[in-house]
Each structure stands twice: as C-alpha cells, then as structure tokens.
>>> print(open('entry.tsv').read())   # TSV, C-alpha atoms
chain	number	residue	atom	x	y	z
A	1	MET	CA	-4.26	26.23	51.17
A	2	ILE	CA	-4.12	28.68	48.29
A	3	ARG	CA	-7.89	28.91	48.43
A	4	GLY	CA	-7.65	29.62	52.17
A	5	GLY	CA	-5.23	32.48	51.54
A	6	VAL	CA	-7.39	33.95	48.81
A	7	LEU	CA	-10.45	33.71	51.06
A	8	LEU	CA	-8.52	35.44	53.83
A	9	GLY	CA	-7.58	38.25	51.46
A	10	ALA	CA	-11.14	38.53	50.15
A	11	GLY	CA	-12.48	38.52	53.73
A	12	ALA	CA	-10.14	41.36	54.64
A	13	LEU	CA	-11.36	43.36	51.64
A	14	LEU	CA	-14.97	42.73	52.64
A	15	LEU	CA	-14.13	43.81	56.16
A	16	VAL	CA	-12.64	47.06	54.89
A	17	SER	CA	-15.63	47.84	52.69
A	18	SER	CA	-18.15	46.97	55.39
A	19	LEU	CA	-16.33	49.11	57.95
A	20	ALA	CA	-16.23	52.04	55.56
A	21	GLY	CA	-19.97	51.62	54.97
A	22	ALA	CA	-20.75	51.43	58.67
A	23	GLN	CA	-18.88	54.63	59.34
A	24	GLN	CA	-20.92	56.68	56.95
A	25	GLY	CA	-23.68	56.85	59.55
A	26	ASP	CA	-21.31	58.52	62.04
A	27	LEU	CA	-20.62	61.39	59.69
A	28	SER	CA	-24.17	62.64	59.55
A	29	ALA	CA	-24.41	66.39	59.51
A	30	PRO	CA	-27.22	68.06	61.44
A	31	ALA	CA	-30.37	67.08	59.65
A	32	ALA	CA	-32.26	69.51	57.49
A	33	ARG	CA	-34.88	71.33	59.43
A	34	LEU	CA	-38.48	71.05	58.50
A	35	LYS	CA	-41.66	72.51	59.91
A	36	GLN	CA	-42.98	69.08	60.93
A	37	TYR	CA	-40.73	66.22	61.92
A	38	ILE	CA	-43.33	63.46	61.68
A	39	THR	CA	-45.51	62.52	58.73
A	40	TYR	CA	-48.84	60.73	59.03
A	41	ALA	CA	-49.97	58.27	56.41
A	42	ALA	CA	-53.75	58.68	56.35
A	43	GLU	CA	-55.40	55.40	55.34
A	44	GLU	CA	-59.11	54.83	55.05
A	45	GLN	CA	-60.07	52.08	57.48
A	46	THR	CA	-62.94	49.68	56.94
A	47	VAL	CA	-64.32	47.97	60.02
A	48	ALA	CA	-67.22	45.69	60.91
A	49	ALA	CA	-70.12	47.78	62.27
A	50	GLY	CA	-70.77	47.30	65.98
A	51	LYS	CA	-67.65	45.15	66.47
A	52	LYS	CA	-64.57	46.16	68.34
A	53	THR	CA	-61.75	46.79	65.87
A	54	VAL	CA	-58.26	48.13	66.38
A	55	LEU	CA	-57.39	51.01	64.05
A	56	GLU	CA	-53.73	51.39	63.18
A	57	LEU	CA	-52.41	54.91	62.65
A	58	ARG	CA	-49.04	54.91	60.94
A	59	PHE	CA	-46.54	57.67	61.56
A	60	HIS	CA	-43.01	58.21	60.37
A	61	VAL	CA	-40.33	60.29	62.08
A	62	ASN	CA	-38.22	62.11	59.50
A	63	GLU	CA	-34.74	60.78	58.97
A	64	GLY	CA	-32.13	62.30	61.27
A	65	PHE	CA	-34.66	63.11	63.98
A	66	HIS	CA	-36.10	61.34	67.00
A	67	VAL	CA	-39.13	62.11	69.16
A	68	ASN	CA	-39.80	61.10	72.75
A	69	SER	CA	-41.89	57.96	73.07
A	70	HIS	CA	-45.22	58.03	74.91
A	71	THR	CA	-43.31	57.11	78.07
A	72	PRO	CA	-40.05	59.09	78.13
A	73	LYS	CA	-37.68	58.37	80.99
A	74	SER	CA	-37.77	61.87	82.45
A	75	GLU	CA	-40.76	63.90	83.54
A	76	LEU	CA	-39.09	66.94	81.96
A	77	LEU	CA	-39.46	65.42	78.51
A	78	ILE	CA	-42.58	65.90	76.44
A	79	PRO	CA	-44.23	62.58	75.52
A	80	THR	CA	-45.72	61.76	72.14
A	81	LYS	CA	-49.48	61.78	72.64
A	82	LEU	CA	-52.42	61.35	70.31
A	83	THR	CA	-55.64	63.15	71.17
A	84	LEU	CA	-58.74	62.42	69.12
A	85	GLN	CA	-61.92	64.48	69.23
A	86	PRO	CA	-65.11	62.59	70.13
A	87	GLU	CA	-66.92	61.56	66.94
A	88	GLY	CA	-70.60	60.61	66.89
A	89	GLY	CA	-71.10	56.96	66.01
A	90	VAL	CA	-67.57	55.93	67.04
A	91	LYS	CA	-66.59	54.82	70.53
A	92	ALA	CA	-62.85	55.02	70.86
A	93	GLU	CA	-60.82	53.54	73.68
A	94	ALA	CA	-57.49	54.86	74.93
A	95	ALA	CA	-54.69	54.89	72.37
A	96	GLN	CA	-52.09	52.14	72.56
A	97	TYR	CA	-48.53	53.27	71.93
A	98	PRO	CA	-45.54	51.21	70.86
A	99	ALA	CA	-42.55	50.82	73.14
A	100	GLY	CA	-39.75	53.24	72.37
A	101	THR	CA	-36.13	52.41	71.72
A	102	SER	CA	-33.29	53.36	74.00
A	103	TYR	CA	-31.23	56.30	72.75
A	104	SER	CA	-28.49	58.58	74.09
A	105	PHE	CA	-27.06	61.78	72.69
A	106	SER	CA	-23.38	61.33	71.79
A	107	PHE	CA	-22.58	64.17	74.19
A	108	GLN	CA	-24.61	62.60	77.03
A	109	PRO	CA	-23.95	58.86	76.79
A	110	GLY	CA	-25.03	58.28	80.37
A	111	GLU	CA	-28.50	59.75	79.92
A	112	LYS	CA	-30.84	57.21	78.39
A	113	LEU	CA	-33.84	58.40	76.45
A	114	ASP	CA	-36.82	56.44	75.19
A	115	VAL	CA	-37.64	57.52	71.66
A	116	TYR	CA	-39.37	56.77	68.39
A	117	THR	CA	-37.37	56.89	65.18
A	118	GLY	CA	-38.53	55.90	61.71
A	119	ALA	CA	-41.95	54.27	61.50
A	120	PHE	CA	-44.22	53.78	64.49
A	121	THR	CA	-47.87	52.82	64.83
A	122	VAL	CA	-50.44	54.01	67.35
A	123	LYS	CA	-53.43	51.71	67.80
A	124	ILE	CA	-56.95	52.83	68.67
A	125	PRO	CA	-59.58	50.23	69.60
A	126	VAL	CA	-62.97	51.43	68.32
A	127	VAL	CA	-66.55	50.32	67.98
A	128	ALA	CA	-68.24	52.12	65.10
A	129	ASP	CA	-71.86	52.33	64.00
A	130	ALA	CA	-72.60	51.53	60.37
A	131	GLY	CA	-71.71	54.38	58.03
A	132	SER	CA	-68.83	56.70	57.28
A	133	HIS	CA	-67.09	58.57	60.04
A	134	THR	CA	-64.16	60.94	60.17
A	135	MET	CA	-62.22	61.15	63.39
A	136	THR	CA	-59.95	64.15	63.84
A	137	GLY	CA	-57.28	64.94	66.35
A	138	VAL	CA	-53.64	65.86	66.88
A	139	LEU	CA	-50.40	64.08	67.61
A	140	ARG	CA	-48.36	66.18	70.01
A	141	TYR	CA	-44.64	65.48	70.00
A	142	GLN	CA	-41.26	67.05	70.53
A	143	ALA	CA	-38.37	66.29	68.22
A	144	CYS	CA	-34.59	66.58	68.41
A	145	ASP	CA	-31.72	65.77	66.07
A	146	ASN	CA	-28.12	65.02	67.02
A	147	ALA	CA	-27.35	68.54	68.28
A	148	ALA	CA	-30.55	70.50	68.69
A	149	CYS	CA	-34.16	70.25	69.82
A	150	TYR	CA	-37.29	71.73	68.34
A	151	PRO	CA	-40.28	73.20	70.16
A	152	PRO	CA	-43.26	70.87	70.66
A	153	LYS	CA	-45.42	70.43	67.58
A	154	SER	CA	-48.99	69.33	66.93
A	155	LEU	CA	-49.56	67.22	63.83
A	156	PRO	CA	-53.16	67.17	62.60
A	157	VAL	CA	-54.53	63.65	62.24
A	158	GLU	CA	-57.65	62.57	60.36
A	159	VAL	CA	-58.96	59.01	60.36
A	160	ALA	CA	-61.66	58.05	57.88
A	161	VAL	CA	-63.58	55.01	59.12
A	162	THR	CA	-66.20	53.13	57.14
A	163	ALA	CA	-68.23	50.64	59.18
A	164	LYS	CA	-70.18	48.00	57.24
B	1	MET	CA	7.64	27.33	44.87
B	2	ARG	CA	4.05	26.46	45.84
B	3	ARG	CA	4.88	27.04	49.51
B	4	VAL	CA	6.31	30.46	48.73
B	5	LEU	CA	3.13	31.32	46.86
B	6	ILE	CA	0.92	30.20	49.75
B	7	LEU	CA	3.08	32.13	52.20
B	8	GLY	CA	2.86	35.17	49.96
B	9	VAL	CA	-0.94	35.03	49.83
B	10	MET	CA	-1.09	34.63	53.62
B	11	VAL	CA	1.22	37.62	54.13
B	12	VAL	CA	-0.96	39.71	51.81
B	13	GLY	CA	-4.08	38.59	53.75
B	14	VAL	CA	-2.58	39.51	57.12
B	15	ALA	CA	-1.33	42.81	55.72
B	16	LEU	CA	-4.83	43.59	54.47
B	17	LEU	CA	-6.30	42.84	57.89
B	18	LEU	CA	-3.73	45.09	59.57
B	19	TRP	CA	-4.42	47.84	57.05
B	20	ALA	CA	-8.18	47.45	57.64
B	21	GLY	CA	-7.65	47.88	61.38
B	22	TRP	CA	-5.49	50.96	60.90
B	23	HIS	CA	-7.90	52.40	58.34
B	24	ASN	CA	-10.82	51.80	60.68
B	25	LEU	CA	-9.08	53.61	63.55
B	26	ARG	CA	-8.16	56.55	61.33
B	27	GLU	CA	-11.67	56.80	59.90
B	28	ARG	CA	-13.18	56.68	63.37
B	29	LYS	CA	-10.94	59.54	64.51
B	30	LEU	CA	-11.88	61.57	61.44
B	31	ALA	CA	-15.57	60.77	61.95
B	32	MET	CA	-15.43	61.87	65.60
B	33	GLN	CA	-13.63	65.05	64.63
B	34	LYS	CA	-16.20	65.77	61.94
B	35	ALA	CA	-19.08	64.98	64.32
B	36	ARG	CA	-17.64	67.46	66.82
B	37	GLU	CA	-17.34	70.09	64.11
B	38	ASN	CA	-20.92	69.44	63.07
B	39	GLN	CA	-22.28	70.06	66.52
B	40	VAL	CA	-22.34	73.80	66.11
B	41	VAL	CA	-24.86	75.02	63.64
B	42	LEU	CA	-23.53	78.44	62.86
B	43	ILE	CA	-26.25	80.04	60.87
B	44	PRO	CA	-25.04	80.74	57.33
B	45	ASP	CA	-24.88	84.20	55.85
B	46	LYS	CA	-28.12	85.32	54.28
B	47	GLN	CA	-26.34	86.34	51.13
B	48	GLY	CA	-25.32	82.87	49.97
B	49	GLN	CA	-22.25	82.71	47.78
B	50	GLY	CA	-23.79	81.49	44.57
B	51	LYS	CA	-25.62	78.75	46.43
B	52	ALA	CA	-29.33	78.34	45.94
B	53	GLU	CA	-31.16	79.09	49.14
B	54	SER	CA	-33.65	76.48	50.22
B	55	GLU	CA	-36.75	77.25	52.24
B	56	ASP	CA	-34.99	75.90	55.33
B	57	SER	CA	-31.85	77.98	54.97
B	58	GLU	CA	-34.01	81.07	54.62
B	59	GLU	CA	-35.89	80.08	57.73
B	60	PHE	CA	-32.67	79.77	59.71
B	61	ALA	CA	-30.91	82.74	58.19
B	62	PRO	CA	-29.02	84.88	60.71
B	63	LYS	CA	-31.79	87.38	61.02
B	64	MET	CA	-30.21	89.12	63.97
B	65	ARG	CA	-26.50	89.16	63.15
B	66	GLY	CA	-25.25	92.74	62.81
B	67	GLN	CA	-28.50	94.13	64.15
B	68	LYS	CA	-29.31	95.84	67.40
B	69	ALA	CA	-30.40	93.23	69.93
B	70	PRO	CA	-34.13	93.66	70.60
B	71	ALA	CA	-34.83	95.13	74.02
B	72	PHE	CA	-36.72	93.07	76.60
B	73	ALA	CA	-37.76	93.27	80.22
B	74	LEU	CA	-38.57	89.85	81.72
B	75	THR	CA	-39.14	88.39	85.16
B	76	ASN	CA	-36.40	86.34	86.75
B	77	LEU	CA	-36.95	83.31	89.00
B	78	GLU	CA	-37.10	85.59	92.04
B	79	GLY	CA	-39.89	87.60	90.47
B	80	LYS	CA	-37.72	90.64	89.74
B	81	LYS	CA	-37.82	92.48	86.41
B	82	VAL	CA	-34.58	92.22	84.45
B	83	SER	CA	-34.02	94.02	81.17
B	84	LEU	CA	-31.31	93.82	78.54
B	85	ALA	CA	-30.79	97.56	79.05
B	86	ASP	CA	-29.58	96.78	82.60
B	87	TYR	CA	-26.43	95.39	80.95
B	88	LYS	CA	-25.78	98.35	78.66
B	89	GLY	CA	-22.08	98.66	77.83
B	90	ARG	CA	-21.36	95.00	78.66
B	91	PRO	CA	-20.96	91.98	76.37
B	92	VAL	CA	-23.96	89.71	76.94
B	93	LEU	CA	-24.85	86.22	75.80
B	94	VAL	CA	-28.62	85.87	75.43
B	95	ASN	CA	-29.24	82.13	75.49
B	96	PHE	CA	-32.67	80.60	74.83
B	97	TRP	CA	-33.13	77.14	76.37
B	98	ALA	CA	-35.82	74.81	77.71
B	99	THR	CA	-36.08	72.16	80.39
B	100	TRP	CA	-36.92	69.50	77.75
B	101	CYS	CA	-33.88	70.37	75.62
B	102	GLY	CA	-30.96	67.98	76.25
B	103	PRO	CA	-28.35	69.85	74.16
B	104	CYS	CA	-29.23	73.09	76.01
B	105	LYS	CA	-28.37	71.53	79.36
B	106	VAL	CA	-24.98	70.36	78.08
B	107	GLU	CA	-23.75	73.86	77.28
B	108	MET	CA	-25.18	75.62	80.35
B	109	PRO	CA	-22.36	74.52	82.73
B	110	TRP	CA	-19.86	75.72	80.08
B	111	PHE	CA	-21.59	79.11	80.00
B	112	GLU	CA	-21.32	79.30	83.78
B	113	GLU	CA	-17.62	78.54	83.57
B	114	PHE	CA	-17.04	81.20	80.88
B	115	ARG	CA	-19.09	83.73	82.83
B	116	LYS	CA	-16.64	83.41	85.73
B	117	GLN	CA	-13.62	83.33	83.43
B	118	TYR	CA	-14.57	86.54	81.58
B	119	ALA	CA	-16.23	88.38	84.47
B	120	ALA	CA	-13.40	90.92	84.54
B	121	GLN	CA	-14.32	91.93	80.97
B	122	GLY	CA	-17.92	92.51	82.08
B	123	PHE	CA	-19.24	89.42	80.33
B	124	GLU	CA	-22.72	88.34	81.41
B	125	ILE	CA	-25.16	85.63	80.43
B	126	LEU	CA	-28.94	85.78	80.44
B	127	GLY	CA	-30.71	82.43	80.18
B	128	LEU	CA	-34.17	82.87	78.67
B	129	THR	CA	-36.40	79.86	79.26
B	130	ASP	CA	-38.51	78.97	76.24
B	131	ASP	CA	-40.77	76.72	78.32
B	132	ALA	CA	-44.50	77.06	77.93
B	133	ASP	CA	-45.45	74.23	80.26
B	134	ALA	CA	-42.79	73.93	82.95
B	135	GLY	CA	-43.41	75.72	86.23
B	136	LYS	CA	-41.00	78.15	87.82
B	137	ASP	CA	-39.91	75.55	90.41
B	138	VAL	CA	-39.04	73.00	87.75
B	139	ILE	CA	-37.06	75.60	85.76
B	140	ALA	CA	-35.19	76.63	88.93
B	141	LYS	CA	-34.42	72.99	89.76
B	142	VAL	CA	-33.04	72.28	86.28
B	143	ALA	CA	-30.94	75.46	86.30
B	144	GLN	CA	-29.58	74.57	89.72
B	145	LYS	CA	-28.77	71.02	88.61
B	146	SER	CA	-26.83	72.48	85.66
B	147	GLY	CA	-24.79	74.58	88.10
B	148	VAL	CA	-26.14	77.83	86.69
B	149	THR	CA	-25.95	81.01	88.78
B	150	TYR	CA	-26.46	83.53	85.97
B	151	PRO	CA	-29.91	85.13	85.68
B	152	ILE	CA	-32.64	82.86	84.37
B	153	LEU	CA	-35.53	84.81	82.88
B	154	LEU	CA	-39.04	83.64	82.06
B	155	THR	CA	-40.06	84.43	78.50
B	156	ASP	CA	-43.32	86.15	77.60
B	157	GLY	CA	-43.91	84.89	74.05
B	158	LYS	CA	-43.05	88.30	72.61
B	159	VAL	CA	-39.28	88.04	73.15
B	160	GLN	CA	-39.11	84.84	71.09
B	161	THR	CA	-40.79	86.62	68.18
B	162	ALA	CA	-38.52	89.65	68.57
B	163	TYR	CA	-35.50	87.33	68.28
B	164	GLY	CA	-36.71	85.70	65.08
B	165	GLY	CA	-39.18	83.03	66.17
B	166	LEU	CA	-36.84	80.41	67.66
B	167	ASP	CA	-37.63	77.24	65.77
B	168	VAL	CA	-34.66	75.48	67.29
B	169	LEU	CA	-33.00	75.24	70.69
B	170	PRO	CA	-30.50	76.03	72.02
B	171	MET	CA	-30.35	79.39	70.28
B	172	SER	CA	-27.80	81.98	71.34
B	173	PHE	CA	-27.29	85.63	70.53
B	174	TYR	CA	-23.92	87.17	71.38
B	175	VAL	CA	-24.44	90.87	72.01
B	176	ASP	CA	-21.48	93.24	72.16
B	177	ARG	CA	-20.98	96.35	74.35
B	178	ASN	CA	-22.83	98.47	71.79
B	179	GLY	CA	-25.88	96.24	71.92
B	180	VAL	CA	-25.22	94.72	68.49
B	181	VAL	CA	-25.64	90.98	67.83
B	182	VAL	CA	-22.14	89.84	66.86
B	183	GLU	CA	-23.08	86.19	66.32
B	184	GLN	CA	-26.15	83.98	66.34
B	185	THR	CA	-25.88	80.22	66.81
B	186	ALA	CA	-28.40	77.39	66.76
B	187	GLY	CA	-27.82	73.93	68.22
B	188	LEU	CA	-25.16	72.67	70.55
B	189	GLY	CA	-21.74	74.15	69.96
B	190	SER	CA	-18.40	72.75	71.02
B	191	LYS	CA	-16.95	74.36	74.12
B	192	ASP	CA	-14.00	75.76	72.16
B	193	GLN	CA	-16.23	77.32	69.54
B	194	ILE	CA	-18.44	78.92	72.18
B	195	GLU	CA	-15.40	80.40	73.91
B	196	ALA	CA	-14.10	81.75	70.60
B	197	ILE	CA	-17.40	83.55	69.98
B	198	ILE	CA	-17.42	84.92	73.54
B	199	LYS	CA	-13.91	86.33	72.97
B	200	LYS	CA	-15.04	87.84	69.67
B	201	THR	CA	-18.04	89.41	71.40
B	202	ILE	CA	-15.90	90.86	74.18
B	203	ALA	CA	-13.45	92.28	71.63
B	204	SER	CA	-16.26	93.74	69.51
B	205	GLY	CA	-17.47	97.26	70.11
B	206	GLY	CA	-14.22	98.45	71.68
B	207	ALA	CA	-13.03	98.28	75.26
B	208	ALA	CA	-15.38	99.26	78.02
B	209	PRO	CA	-14.79	102.75	79.33
B	210	ALA	CA	-13.15	102.77	82.74
B	211	GLY	CA	-15.62	102.57	85.57
B	212	GLU	CA	-18.48	101.48	83.35
B	213	LEU	CA	-18.46	97.84	84.44
>>> encode(input="entry.tsv", output="structure tokens")
Amino acid sequence: MIRGGVLLGAGALLLVSSLAGAQQGDLSAPAARLKQYITYAAEEQTVAAGKKTVLELRFHVNEGFHVNSHTPKSELLIPTKLTLQPEGGVKAEAAQYPAGTSYSFSFQPGEKLDVYTGAFTVKIPVVADAGSHTMTGVLRYQACDNAACYPPKSLPVEVAVTAK
Amino acid sequence: MRRVLILGVMVVGVALLLWAGWHNLRERKLAMQKARENQVVLIPDKQGQGKAESEDSEEFAPKMRGQKAPAFALTNLEGKKVSLADYKGRPVLVNFWATWCGPCKVEMPWFEEFRKQYAAQGFEILGLTDDADAGKDVIAKVAQKSGVTYPILLTDGKVQTAYGGLDVLPMSFYVDRNGVVVEQTAGLGSKDQIEAIIKKTIASGGAAPAGEL
C-alpha cells in the first residue's frame, strides 16, 4: 500500500514534468527567417548501368517552417515541385513525392493544409548509361511559419549519378 | 500509525495530481497568451540596444519607419490607375498580401472592419497583391471571399522593391496624413494590435484640415 502511494506520488511528478515539457512547443516564437527554408543533402548516387533505379533526393524543411506538399488542398497554394533538366545519358521518369501531413494554422483551425515539415524524400526513377552524369534542376516551394508566409523560392538541386 | 502514513502518502499523491492539473491549465493559458503576443512581428529598431544584430535582423530592419512612403501608381482590379498620392492628407494602410498567404487572409476582414470604423477620420486601406502567378479573377475572388471592399491593386515588381523587398507576407506600412510611414509590421498581428497602430497612424501628423477629407 505504501508502495502504491509512493508510485502515485511519483506518477504525479512525472505527469507534471511531462506536461511542462510538452508545453514548450506551444511557446515557439516566430522562427528565424532565412533566405532558403529547405536544405538539400546532395549525395552521389551509384546505379547499375542500363537498369531502372530509383534515386532518392533528401530534403529538409528548416525547423519552425512548413512548405506545401506536392498536392496541397487548395488550388491557391503553391505546390512543392522538382524540375530536373534533361541530361544526356540519363532517362528520368516523373518525380514521386511523399504524402504530406495534415496541418492547420492556430488562427485557422478549420482550414486543413497538406504540408511537408522536417525531412522528406523525392524519388526519381532513372535509367542511366554507363559513366558519370550530373543532373541539375530546381525545387520550387513556398514556405510559411506560424504567423507569416514567404514568397515562393527555387532551391538549386544537383544530382551526381555514376552508372557502372 | 501505518494506516495514517498510508493515508498521508495517498493525500500527497492526490494533491500532486490536483496541482498538476491546475499547473497545466495555468501554463496553457500563459502559452496561449504568449502565442497571441508572438503573432505580430513588429520589426525591431535598426539601432539595437546593445544587442548584436544578426544577418536576419538586418534583413528585416524597419527600413521604412519614419520615412516618406514611396509613391506608386498601380492598376486596380477594374483596370483603373490608383496612386498613393490620391490619398494625400489621409492616413493610409498599405498592406501587401498574396492569394497563397493564409495569415494575410485572416487579417483582411479585420482591415475591412477598421476601415469602416475609422472612415470618419479619413482612414483608407490599399491592398497590394504580391502575386506573380495568380490571375486578376482569382485575386478578385479571394478578396471578395475575405469580405474586402477596399481597393485591391496589382503590383508591378517595382513597388515591392521600393518598399524594401518584401521577403515576408503579410507586410503592412501605416502611412500618416503627411505621407510618413509611422509603423511597419511583418506577419500576422492580433486584431487589437492592428487597431492600436491604426489609431496611432490616425493621430500622427496632426488632425486633417477641415474639408480635406
């Protein structure tokens, strides 16, 4: 019985500390503003020559921001879209985008958005001839934070592909 | 004695749970209050008070506050030319917005309300659309949906540069009767804060001469 009471007390303390921790996220001030709101982790990709391979392009939305997914829920919103320039020796199919997550501004709880936050990966199926290739392009996106939005941006993307 | 001890521990446990509940409620209220306060991003003074200025704070410095509002002549949704000079002697809110900007569309109905409320003081609002891709019809539809009847003007690329580049929306410039920018705000403000700045703008530059409005 004593143990039960002690556990109850300890549980209450844990509850208090966990609640305090959970609330820290609610107190976020408007995020610091940067020129780009997404970073691209360029990774050299090695593929089998002449075989269809799916390239994975990893992006990361800066903390405190969100960008519309490739399929936002309103036609007024600007979707995230990757455009790659044609590169000799590489046949690229249409980009495959991840599903977004549902999001609402605190001041518009009824309006659901479909967004990317944190890390997201865009996949590009390719067939490459033997050799080294560099695909270039841009990721167009439009970011917002909790109280403001930022004009659409274009993030340069470069994909180095070695086909063996 | 053992029973009293057990009872005591249980009472302490229940008291802790009650305190946790109360603490949670209080913290939530404080968090909501703070979140509301954080909604307005009043641009800090350029001359920081002993605080190191980061690249970002320089970028968002109140470039226009205290300066003469740059002149512009833009086309409205009806195809008519409207210039800032048309409102000479009146307090004007120049608000940059876009159809893809959620926070912008939250404050637009508030602006409309304040426009009516302070019409007797000559207060006017000009909504400048920072939309490169949206067509005129789409802009008109969004403005109508927001209940806006104040003039909506189509930007020309030059006006954004004249007003400091506009790296964030919504962006508002409160211009007094003398054509001076009294305040510059970025991001969604609370309704109360917006009204306070409107009042400050109306009060700035002295009263309008009789018959000028």
>>> atom_distance(input="entry.tsv", atom1="atom CA of Ile124 of chain A", atom2="atom CA of Asp133 of chain B")
26.9 Å
>>> closest_residue(input="entry.tsv", among="B:Asp167, B:Pro62, B:Ile152, B:Ile6", to="Gly79 of chain B", atoms="only C-alpha atoms")
B:Ile152
>>> closest_residue(input="entry.tsv", among="B:Leu77, B:Ile125, B:Ala120, B:Val138", to="chain A", atoms="all atoms listed in the file")
B:Val138
>>> residues_around(input="entry.tsv", residues="Ser83 of chain B", least_positions_apart="6", cutoff="9 Å", atoms="all atoms listed in the file", output="PDB file with C-alpha atoms, in the coordinates of the input")
ATOM      1  CA  ALA B  71     -34.830  95.130  74.020  1.00  0.00           C
ATOM      2  CA  PHE B  72     -36.720  93.070  76.600  1.00  0.00           C
ATOM      3  CA  ALA B  73     -37.760  93.270  80.220  1.00  0.00           C
ATOM      4  CA  LEU B  74     -38.570  89.850  81.720  1.00  0.00           C
ATOM      5  CA  THR B  75     -39.140  88.390  85.160  1.00  0.00           C
TER       6      THR B  75
END
>>> residues_around(input="entry.tsv", residues="segment 194-202 of chain B", least_positions_apart="5", cutoff="7 Å", atoms="all atoms listed in the file", output="MDAnalysis selection string")
chainID B and resid 91 174:176 182 189
>>> residues_around(input="entry.tsv", residues="Gly89 of chain B", least_positions_apart="2", cutoff="7 Å", atoms="all atoms listed in the file", output="PyMOL selection string")
chain B and resi 87+91+177-178+208
>>> residues_around(input="entry.tsv", residues="Glu113 of chain B", least_positions_apart="4", cutoff="12 Å", atoms="all atoms listed in the file", output="number ranges by chain")
B: 107-109, 117-119, 123-125, 146-150, 191, 194-195, 198
>>> atom_distance(input="entry.tsv", atom1="atom CA of Leu155 of chain A", atom2="atom CA of Gly135 of chain B")
24.7 Å
>>> residues_around(input="entry.tsv", residues="Tyr97 of chain A", least_positions_apart="6", cutoff="8 Å", atoms="only C-alpha atoms", output="PyMOL selection string")
chain A and resi 70+121-123
>>> decode(input="entry.tsv", residues="segment 108-115 of chain B", atoms="all heavy atoms", output="tab-separated table (two decimals), in the first residue's frame")
chain	number	residue	atom	x	y	z
B	108	MET	N	-7.37	40.39	-43.34
B	108	MET	CA	-8.09	41.23	-44.31
B	108	MET	C	-9.52	41.61	-43.87
B	108	MET	O	-9.92	42.76	-44.00
B	108	MET	CB	-8.04	40.60	-45.70
B	108	MET	CG	-6.67	40.77	-46.35
B	108	MET	SD	-6.37	39.69	-47.74
B	108	MET	CE	-7.40	40.41	-48.99
B	109	PRO	N	-10.30	40.66	-43.32
B	109	PRO	CA	-11.64	41.07	-42.83
B	109	PRO	C	-11.55	42.06	-41.67
B	109	PRO	O	-12.41	42.92	-41.52
B	109	PRO	CB	-12.26	39.74	-42.36
B	109	PRO	CG	-11.50	38.68	-43.07
B	109	PRO	CD	-10.11	39.21	-43.23
B	110	TRP	N	-10.49	41.96	-40.86
B	110	TRP	CA	-10.28	42.92	-39.76
B	110	TRP	C	-10.04	44.31	-40.34
B	110	TRP	O	-10.58	45.30	-39.86
B	110	TRP	CB	-9.10	42.53	-38.88
B	110	TRP	CG	-9.18	41.20	-38.23
B	110	TRP	CD1	-10.30	40.44	-38.07
B	110	TRP	CD2	-8.10	40.47	-37.65
B	110	TRP	NE1	-9.97	39.27	-37.43
B	110	TRP	CE2	-8.64	39.27	-37.15
B	110	TRP	CE3	-6.74	40.71	-37.50
B	110	TRP	CZ2	-7.85	38.30	-36.52
B	110	TRP	CZ3	-5.95	39.75	-36.88
B	110	TRP	CH2	-6.51	38.56	-36.38
B	111	PHE	N	-9.19	44.36	-41.38
B	111	PHE	CA	-8.89	45.64	-42.03
B	111	PHE	C	-10.19	46.28	-42.53
B	111	PHE	O	-10.41	47.48	-42.38
B	111	PHE	CB	-7.94	45.44	-43.22
B	111	PHE	CG	-6.52	45.06	-42.85
B	111	PHE	CD1	-5.69	44.42	-43.76
B	111	PHE	CD2	-6.00	45.37	-41.60
B	111	PHE	CE1	-4.39	44.08	-43.44
B	111	PHE	CE2	-4.69	45.03	-41.26
B	111	PHE	CZ	-3.89	44.38	-42.19
B	112	GLU	N	-11.01	45.45	-43.16
B	112	GLU	CA	-12.28	45.95	-43.70
B	112	GLU	C	-13.14	46.56	-42.58
B	112	GLU	O	-13.71	47.63	-42.75
B	112	GLU	CB	-13.02	44.78	-44.38
B	112	GLU	CG	-14.33	45.17	-45.03
B	112	GLU	CD	-14.17	46.11	-46.23
B	112	GLU	OE1	-13.12	46.09	-46.87
B	112	GLU	OE2	-15.12	46.89	-46.48
B	113	GLU	N	-13.16	45.86	-41.46
B	113	GLU	CA	-13.93	46.33	-40.31
B	113	GLU	C	-13.39	47.68	-39.81
B	113	GLU	O	-14.15	48.62	-39.57
B	113	GLU	CB	-13.80	45.27	-39.21
B	113	GLU	CG	-14.83	45.33	-38.12
B	113	GLU	CD	-14.55	44.25	-37.08
B	113	GLU	OE1	-14.28	43.08	-37.45
B	113	GLU	OE2	-14.61	44.60	-35.88
B	114	PHE	N	-12.06	47.77	-39.67
B	114	PHE	CA	-11.43	49.01	-39.19
B	114	PHE	C	-11.60	50.15	-40.20
B	114	PHE	O	-11.69	51.31	-39.82
B	114	PHE	CB	-9.94	48.78	-38.89
B	114	PHE	CG	-9.70	47.89	-37.71
B	114	PHE	CD1	-8.74	46.89	-37.74
B	114	PHE	CD2	-10.45	48.04	-36.54
B	114	PHE	CE1	-8.52	46.06	-36.64
B	114	PHE	CE2	-10.24	47.22	-35.44
B	114	PHE	CZ	-9.28	46.23	-35.50
B	115	ARG	N	-11.61	49.80	-41.46
B	115	ARG	CA	-11.79	50.83	-42.50
B	115	ARG	C	-13.13	51.54	-42.30
B	115	ARG	O	-13.22	52.76	-42.39
B	115	ARG	CB	-11.74	50.17	-43.87
B	115	ARG	CG	-11.86	51.15	-45.00
B	115	ARG	CD	-12.22	50.42	-46.26
B	115	ARG	NE	-12.16	51.26	-47.43
B	115	ARG	CZ	-12.96	51.09	-48.46
B	115	ARG	NH1	-13.85	50.13	-48.47
B	115	ARG	NH2	-12.87	51.88	-49.51
